[in-house]
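Asker: Please find my_file02.pdb (PDB, C-alpha atoms) on the next line:
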```
ATOM      1  CA  MET A 207    -103.470  24.382 -23.977  1.00  0.00           C
ATOM      2  CA  ALA A 208    -103.690  25.701 -27.529  1.00  0.00           C
ATOM      3  CA  GLU A 209    -104.842  29.198 -28.408  1.00  0.00           C
ATOM      4  CA  PRO A 210    -108.536  29.362 -29.311  1.00  0.00           C
ATOM      5  CA  GLU A 211    -109.374  29.518 -33.010  1.00  0.00           C
ATOM      6  CA  PHE A 212    -112.365  31.707 -32.141  1.00  0.00           C
ATOM      7  CA  ASN A 213    -113.294  33.491 -28.920  1.00  0.00           C
ATOM      8  CA  ALA A 214    -116.233  35.850 -28.400  1.00  0.00           C
ATOM      9  CA  THR A 215    -117.197  37.406 -25.086  1.00  0.00           C
ATOM     10  CA  GLY A 216    -120.322  39.288 -24.083  1.00  0.00           C
ATOM     11  CA  VAL A 217    -122.531  36.801 -25.937  1.00  0.00           C
ATOM     12  CA  HIS A 218    -126.216  36.537 -25.035  1.00  0.00           C
ATOM     13  CA  ILE A 219    -127.032  32.795 -25.050  1.00  0.00           C
ATOM     14  CA  GLU A 220    -130.645  31.572 -25.091  1.00  0.00           C
ATOM     15  CA  ARG A 221    -132.251  28.134 -25.250  1.00  0.00           C
ATOM     16  CA  SER A 222    -135.984  27.704 -25.878  1.00  0.00           C
ATOM     17  CA  LEU A 223    -136.744  31.377 -25.252  1.00  0.00           C
ATOM     18  CA  ARG A 224    -134.943  31.157 -21.912  1.00  0.00           C
ATOM     19  CA  SER A 225    -131.913  33.346 -21.347  1.00  0.00           C
ATOM     20  CA  LEU A 226    -128.987  31.314 -20.007  1.00  0.00           C
ATOM     21  CA  THR A 227    -126.508  34.201 -19.826  1.00  0.00           C
ATOM     22  CA  ARG A 228    -126.300  37.758 -21.074  1.00  0.00           C
ATOM     23  CA  ALA A 229    -122.518  37.996 -21.016  1.00  0.00           C
ATOM     24  CA  GLY A 230    -121.413  34.499 -21.991  1.00  0.00           C
ATOM     25  CA  GLN A 231    -118.520  33.291 -24.059  1.00  0.00           C
ATOM     26  CA  VAL A 232    -118.241  31.189 -27.223  1.00  0.00           C
ATOM     27  CA  VAL A 233    -114.912  29.395 -27.699  1.00  0.00           C
ATOM     28  CA  ILE A 234    -113.658  27.156 -30.500  1.00  0.00           C
ATOM     29  CA  ARG A 235    -110.541  25.331 -29.416  1.00  0.00           C
ATOM     30  CA  ASP A 236    -108.991  21.941 -30.223  1.00  0.00           C
ATOM     31  CA  GLY A 237    -111.860  20.938 -32.516  1.00  0.00           C
ATOM     32  CA  ARG A 238    -114.604  21.687 -29.949  1.00  0.00           C
ATOM     33  CA  LEU A 239    -117.198  24.408 -29.622  1.00  0.00           C
ATOM     34  CA  ALA A 240    -117.958  25.452 -26.047  1.00  0.00           C
ATOM     35  CA  LEU A 241    -120.623  27.774 -24.704  1.00  0.00           C
ATOM     36  CA  LEU A 242    -119.646  29.272 -21.343  1.00  0.00           C
ATOM     37  CA  THR A 243    -121.352  31.466 -18.759  1.00  0.00           C
ATOM     38  CA  SER A 244    -119.884  34.802 -17.720  1.00  0.00           C
ATOM     39  CA  TYR A 245    -118.189  32.947 -14.845  1.00  0.00           C
ATOM     40  CA  GLY A 246    -116.554  30.417 -17.172  1.00  0.00           C
ATOM     41  CA  LYS A 247    -118.881  27.522 -16.298  1.00  0.00           C
ATOM     42  CA  GLU A 248    -119.662  25.324 -19.281  1.00  0.00           C
ATOM     43  CA  ILE A 249    -123.238  25.447 -20.563  1.00  0.00           C
ATOM     44  CA  ASP A 250    -122.661  22.953 -23.377  1.00  0.00           C
ATOM     45  CA  SER A 251    -119.887  21.757 -25.655  1.00  0.00           C
ATOM     46  CA  ALA A 252    -119.507  19.384 -28.571  1.00  0.00           C
ATOM     47  CA  PRO A 253    -117.001  18.370 -31.240  1.00  0.00           C
ATOM     48  CA  LEU A 254    -117.193  20.712 -34.223  1.00  0.00           C
ATOM     49  CA  ARG A 255    -118.082  17.898 -36.602  1.00  0.00           C
ATOM     50  CA  ALA A 256    -121.301  17.348 -34.589  1.00  0.00           C
ATOM     51  CA  VAL A 257    -122.241  21.047 -34.419  1.00  0.00           C
ATOM     52  CA  GLN A 258    -124.671  22.705 -36.826  1.00  0.00           C
ATOM     53  CA  VAL A 259    -124.724  26.491 -37.143  1.00  0.00           C
ATOM     54  CA  HIS A 260    -126.543  28.927 -39.374  1.00  0.00           C
ATOM     55  CA  LYS A 261    -127.775  32.473 -39.568  1.00  0.00           C
ATOM     56  CA  PRO A 262    -131.555  32.782 -39.198  1.00  0.00           C
ATOM     57  CA  LEU A 263    -133.419  34.279 -42.140  1.00  0.00           C
ATOM     58  CA  PHE A 264    -135.796  36.487 -40.169  1.00  0.00           C
ATOM     59  CA  ALA A 265    -133.905  37.713 -37.126  1.00  0.00           C
ATOM     60  CA  ALA A 266    -131.584  40.483 -36.070  1.00  0.00           C
ATOM     61  CA  ARG A 267    -128.274  40.715 -37.932  1.00  0.00           C
ATOM     62  CA  ASP A 268    -126.268  39.930 -34.813  1.00  0.00           C
ATOM     63  CA  ARG A 269    -127.822  36.490 -34.252  1.00  0.00           C
ATOM     64  CA  ALA A 270    -126.648  32.981 -35.044  1.00  0.00           C
ATOM     65  CA  LEU A 271    -128.259  29.643 -34.256  1.00  0.00           C
ATOM     66  CA  ALA A 272    -126.271  26.640 -33.078  1.00  0.00           C
ATOM     67  CA  ARG A 273    -127.303  23.048 -32.418  1.00  0.00           C
ATOM     68  CA  LEU A 274    -125.124  21.165 -29.917  1.00  0.00           C
ATOM     69  CA  ASN A 275    -125.996  17.728 -28.568  1.00  0.00           C
ATOM     70  CA  GLY A 276    -129.573  18.083 -29.817  1.00  0.00           C
ATOM     71  CA  ASN A 277    -130.103  21.440 -28.073  1.00  0.00           C
ATOM     72  CA  ARG A 278    -130.775  24.624 -30.064  1.00  0.00           C
ATOM     73  CA  TYR A 279    -129.119  27.799 -28.870  1.00  0.00           C
ATOM     74  CA  SER A 280    -129.642  31.348 -30.053  1.00  0.00           C
ATOM     75  CA  LEU A 281    -126.426  33.360 -29.868  1.00  0.00           C
ATOM     76  CA  THR A 282    -126.364  37.147 -30.035  1.00  0.00           C
ATOM     77  CA  LEU A 283    -122.832  38.047 -31.096  1.00  0.00           C
ATOM     78  CA  GLY A 284    -121.297  41.291 -32.231  1.00  0.00           C
ATOM     79  CA  ALA A 285    -119.998  39.642 -35.409  1.00  0.00           C
ATOM     80  CA  PRO A 286    -121.888  36.407 -36.168  1.00  0.00           C
ATOM     81  CA  ASP A 287    -120.264  36.120 -39.602  1.00  0.00           C
ATOM     82  CA  ARG A 288    -116.844  35.605 -38.000  1.00  0.00           C
ATOM     83  CA  PHE A 289    -118.321  32.826 -35.832  1.00  0.00           C
ATOM     84  CA  LEU A 290    -120.013  31.138 -38.786  1.00  0.00           C
ATOM     85  CA  ASP A 291    -116.807  31.393 -40.853  1.00  0.00           C
ATOM     86  CA  ALA A 292    -114.747  29.865 -38.019  1.00  0.00           C
ATOM     87  CA  VAL A 293    -117.095  26.881 -37.738  1.00  0.00           C
ATOM     88  CA  GLN A 294    -117.219  26.414 -41.514  1.00  0.00           C
ATOM     89  CA  ALA A 295    -113.409  26.542 -41.715  1.00  0.00           C
ATOM     90  CA  ALA A 296    -113.198  23.866 -39.031  1.00  0.00           C
ATOM     91  CA  HIS A 297    -115.661  21.684 -40.989  1.00  0.00           C
ATOM     92  CA  ALA A 298    -113.636  22.026 -44.203  1.00  0.00           C
ATOM     93  CA  PRO A 299    -111.491  18.995 -45.042  1.00  0.00           C
ATOM     94  CA  ARG A 300    -107.794  19.567 -44.499  1.00  0.00           C
ATOM     95  CA  THR A 301    -105.466  18.850 -47.423  1.00  0.00           C
TER      96      THR A 301
END
```
Can you dump the structure from the file as structure tokens?
Answerer:
Amino acid sequence: MAEPEFNATGVHIERSLRSLTRAGQVVIRDGRLALLTSYGKEIDSAPLRAVQVHKPLFAARDRALARLNGNRYSLTLGAPDRFLDAVQAAHAPRT
């Protein structure tokens, strides 16, 4: 298995104002984004080309929003800019 291009632990993951995990994990590996619980169980995953991410305008600085398979997730990361940059780099066409 290849090394992850991005890996963040201790991520608070919410969906529709419902907390799914307070110490989850976000992993980008092999062209897929996966949201995992603190036990490593998959919450959701999707190919990066089908994932939409952005930083909310009126929210805490440590938040990012992600849409996977039609579901919106709020992610509280220590460094959301690194996450957003990793997804954007994966979306960029390779030359």
Asker: Run through the PyMOL selection byres ((chain A and resi 252) around 8) on the given coordinates and return the selected residues as a PyMOL selection string.
Answerer: chain A and resi 238-240+250-251+253-254+256-257+274-275
Asker: I need the output of the PyMOL selection byres ((chain A and resi 226-228) around 12) for this file as a ChimeraX atom specification; which residues are they?
Answerer: /A:215-225,229-232,241-250,279-283
Asker: Report as a tab-separated table: every residue of segment 209-276 of chain A with an atom at most 10 Å from segment 287-297 of chain A, its closest pair of atoms, and their distance in Å to one decimal, counting only C-alpha atoms, with rows sorted by chain and ascending residue number.
Answerer:
```
residue	atom	partner	partner_atom	distance
A:Glu211	CA	A:Ala292	CA	7.4
A:Phe212	CA	A:Ala292	CA	6.6
A:Asn213	CA	A:Phe289	CA	8.6
A:Ala214	CA	A:Phe289	CA	8.3
A:Val232	CA	A:Phe289	CA	8.8
A:Val233	CA	A:Phe289	CA	9.5
A:Ile234	CA	A:Val293	CA	8.0
A:Asp236	CA	A:Ala296	CA	9.9
A:Gly237	CA	A:Ala296	CA	7.3
A:Arg238	CA	A:Ala296	CA	9.4
A:Leu239	CA	A:Val293	CA	8.5
A:Leu254	CA	A:Ala296	CA	7.0
A:Arg255	CA	A:His297	CA	6.3
A:Ala256	CA	A:His297	CA	9.6
A:Val257	CA	A:Val293	CA	8.5
A:Gln258	CA	A:Val293	CA	8.7
A:Val259	CA	A:Leu290	CA	6.8
A:His260	CA	A:Leu290	CA	6.9
A:Lys261	CA	A:Leu290	CA	7.9
A:Arg267	CA	A:Asp287	CA	9.4
A:Asp268	CA	A:Asp287	CA	8.6
A:Arg269	CA	A:Asp287	CA	9.3
A:Ala270	CA	A:Leu290	CA	7.8
A:Leu271	CA	A:Leu290	CA	9.5
A:Ala272	CA	A:Leu290	CA	9.6
```
Asker: Determine the axis-aligned bounding box of all atoms of segment 253-265 of chain A present in the file, pad each side by 8 Å, and express its centre and edge lengths in Å to one decimal place as AutoDock Vina command-line options.
Answerer:
```
--center_x -126.4 --center_y 27.5 --center_z -36.7 --size_x 34.8 --size_y 36.4 --size_z 26.9
```
Asker: Could I get chain A from the block written out with C-alpha atoms, as a PDB file, in the first residue's frame?
Answerer:
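Result went into selection_37.pdb, see below:
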```pdb
ATOM      1  CA  MET A 207       0.000   0.000   0.000  1.00  0.00           C
ATOM      2  CA  ALA A 208       1.316   3.443  -0.906  1.00  0.00           C
ATOM      3  CA  GLU A 209       2.146   6.117   1.641  1.00  0.00           C
ATOM      4  CA  PRO A 210      -0.703   8.581   2.190  1.00  0.00           C
ATOM      5  CA  GLU A 211      -0.405  11.937   0.440  1.00  0.00           C
ATOM      6  CA  PHE A 212      -2.184  13.531   3.406  1.00  0.00           C
ATOM      7  CA  ASN A 213      -2.985  12.165   6.857  1.00  0.00           C
ATOM      8  CA  ALA A 214      -4.553  14.081   9.746  1.00  0.00           C
ATOM      9  CA  THR A 215      -5.512  12.564  13.080  1.00  0.00           C
ATOM     10  CA  GLY A 216      -7.579  13.985  15.912  1.00  0.00           C
ATOM     11  CA  VAL A 217     -10.123  15.416  13.465  1.00  0.00           C
ATOM     12  CA  HIS A 218     -13.618  16.277  14.692  1.00  0.00           C
ATOM     13  CA  ILE A 219     -16.013  15.102  11.944  1.00  0.00           C
ATOM     14  CA  GLU A 220     -19.641  16.274  11.867  1.00  0.00           C
ATOM     15  CA  ARG A 221     -22.535  15.700   9.475  1.00  0.00           C
ATOM     16  CA  SER A 222     -25.757  17.717   9.721  1.00  0.00           C
ATOM     17  CA  LEU A 223     -24.895  19.103  13.156  1.00  0.00           C
ATOM     18  CA  ARG A 224     -24.307  15.563  14.411  1.00  0.00           C
ATOM     19  CA  SER A 225     -20.869  14.649  15.690  1.00  0.00           C
ATOM     20  CA  LEU A 226     -19.637  11.413  14.110  1.00  0.00           C
ATOM     21  CA  THR A 227     -16.255  11.342  15.861  1.00  0.00           C
ATOM     22  CA  ARG A 228     -14.142  13.710  17.905  1.00  0.00           C
ATOM     23  CA  ALA A 229     -10.821  12.038  17.175  1.00  0.00           C
ATOM     24  CA  GLY A 230     -11.220  10.844  13.595  1.00  0.00           C
ATOM     25  CA  GLN A 231      -8.774  10.646  10.752  1.00  0.00           C
ATOM     26  CA  VAL A 232      -8.686  12.130   7.244  1.00  0.00           C
ATOM     27  CA  VAL A 233      -6.539  10.237   4.727  1.00  0.00           C
ATOM     28  CA  ILE A 234      -5.775  10.934   1.073  1.00  0.00           C
ATOM     29  CA  ARG A 235      -4.220   7.898  -0.538  1.00  0.00           C
ATOM     30  CA  ASP A 236      -4.233   6.414  -4.050  1.00  0.00           C
ATOM     31  CA  GLY A 237      -6.555   9.107  -5.409  1.00  0.00           C
ATOM     32  CA  ARG A 238      -9.209   8.654  -2.684  1.00  0.00           C
ATOM     33  CA  LEU A 239     -10.269  10.715   0.294  1.00  0.00           C
ATOM     34  CA  ALA A 240     -11.353   8.686   3.320  1.00  0.00           C
ATOM     35  CA  LEU A 241     -12.913   9.814   6.574  1.00  0.00           C
ATOM     36  CA  LEU A 242     -12.253   7.349   9.400  1.00  0.00           C
ATOM     37  CA  THR A 243     -13.369   7.011  13.012  1.00  0.00           C
ATOM     38  CA  SER A 244     -10.863   6.914  15.854  1.00  0.00           C
ATOM     39  CA  TYR A 245     -10.991   3.107  15.587  1.00  0.00           C
ATOM     40  CA  GLY A 246     -10.155   3.136  11.873  1.00  0.00           C
ATOM     41  CA  LYS A 247     -13.680   2.305  10.672  1.00  0.00           C
ATOM     42  CA  GLU A 248     -14.587   4.090   7.459  1.00  0.00           C
ATOM     43  CA  ILE A 249     -17.257   6.782   7.733  1.00  0.00           C
ATOM     44  CA  ASP A 250     -17.182   7.691   4.039  1.00  0.00           C
ATOM     45  CA  SER A 251     -14.779   7.718   1.117  1.00  0.00           C
ATOM     46  CA  ALA A 252     -14.792   8.848  -2.488  1.00  0.00           C
ATOM     47  CA  PRO A 253     -12.435   9.380  -5.420  1.00  0.00           C
ATOM     48  CA  LEU A 254     -10.775  12.789  -5.208  1.00  0.00           C
ATOM     49  CA  ARG A 255     -12.207  13.893  -8.539  1.00  0.00           C
ATOM     50  CA  ALA A 256     -15.718  13.550  -7.029  1.00  0.00           C
ATOM     51  CA  VAL A 257     -14.881  15.387  -3.785  1.00  0.00           C
ATOM     52  CA  GLN A 258     -15.589  19.079  -3.224  1.00  0.00           C
ATOM     53  CA  VAL A 259     -13.832  20.929  -0.410  1.00  0.00           C
ATOM     54  CA  HIS A 260     -13.709  24.530   0.710  1.00  0.00           C
ATOM     55  CA  LYS A 261     -13.098  26.721   3.701  1.00  0.00           C
ATOM     56  CA  PRO A 262     -16.279  28.284   5.104  1.00  0.00           C
ATOM     57  CA  LEU A 263     -16.440  32.072   5.093  1.00  0.00           C
ATOM     58  CA  PHE A 264     -17.966  32.527   8.539  1.00  0.00           C
ATOM     59  CA  ALA A 265     -16.569  29.782  10.742  1.00  0.00           C
ATOM     60  CA  ALA A 266     -13.598  29.047  12.934  1.00  0.00           C
ATOM     61  CA  ARG A 267     -10.193  29.097  11.236  1.00  0.00           C
ATOM     62  CA  ASP A 268      -9.631  25.402  11.870  1.00  0.00           C
ATOM     63  CA  ARG A 269     -12.665  24.237   9.868  1.00  0.00           C
ATOM     64  CA  ALA A 270     -13.057  22.862   6.365  1.00  0.00           C
ATOM     65  CA  LEU A 271     -16.150  21.587   4.587  1.00  0.00           C
ATOM     66  CA  ALA A 272     -16.118  18.502   2.387  1.00  0.00           C
ATOM     67  CA  ARG A 273     -18.801  16.957   0.190  1.00  0.00           C
ATOM     68  CA  LEU A 274     -18.434  13.212  -0.431  1.00  0.00           C
ATOM     69  CA  ASN A 275     -21.084  11.117  -2.159  1.00  0.00           C
ATOM     70  CA  GLY A 276     -23.658  13.880  -1.682  1.00  0.00           C
ATOM     71  CA  ASN A 277     -23.027  14.149   2.076  1.00  0.00           C
ATOM     72  CA  ARG A 278     -21.646  17.348   3.630  1.00  0.00           C
ATOM     73  CA  TYR A 279     -19.093  16.977   6.384  1.00  0.00           C
ATOM     74  CA  SER A 280     -17.625  19.624   8.643  1.00  0.00           C
ATOM     75  CA  LEU A 281     -14.012  18.849   9.522  1.00  0.00           C
ATOM     76  CA  THR A 282     -12.195  20.530  12.394  1.00  0.00           C
ATOM     77  CA  LEU A 283      -8.501  20.128  11.617  1.00  0.00           C
ATOM     78  CA  GLY A 284      -5.427  21.671  13.145  1.00  0.00           C
ATOM     79  CA  ALA A 285      -4.259  22.889   9.730  1.00  0.00           C
ATOM     80  CA  PRO A 286      -7.150  23.001   7.232  1.00  0.00           C
ATOM     81  CA  ASP A 287      -5.020  24.840   4.664  1.00  0.00           C
ATOM     82  CA  ARG A 288      -2.743  21.805   4.300  1.00  0.00           C
ATOM     83  CA  PHE A 289      -5.819  19.616   3.705  1.00  0.00           C
ATOM     84  CA  LEU A 290      -7.280  22.008   1.138  1.00  0.00           C
ATOM     85  CA  ASP A 291      -3.901  22.276  -0.631  1.00  0.00           C
ATOM     86  CA  ALA A 292      -3.559  18.471  -0.756  1.00  0.00           C
ATOM     87  CA  VAL A 293      -6.992  18.079  -2.356  1.00  0.00           C
ATOM     88  CA  GLN A 294      -6.349  20.909  -4.819  1.00  0.00           C
ATOM     89  CA  ALA A 295      -2.988  19.382  -5.789  1.00  0.00           C
ATOM     90  CA  ALA A 296      -4.707  16.060  -6.437  1.00  0.00           C
ATOM     91  CA  HIS A 297      -7.304  17.814  -8.638  1.00  0.00           C
ATOM     92  CA  ALA A 298      -4.603  19.560 -10.688  1.00  0.00           C
ATOM     93  CA  PRO A 299      -3.936  17.977 -14.086  1.00  0.00           C
ATOM     94  CA  ARG A 300      -0.659  16.102 -14.260  1.00  0.00           C
ATOM     95  CA  THR A 301       1.746  17.039 -17.057  1.00  0.00           C
TER      96      THR A 301
END
```
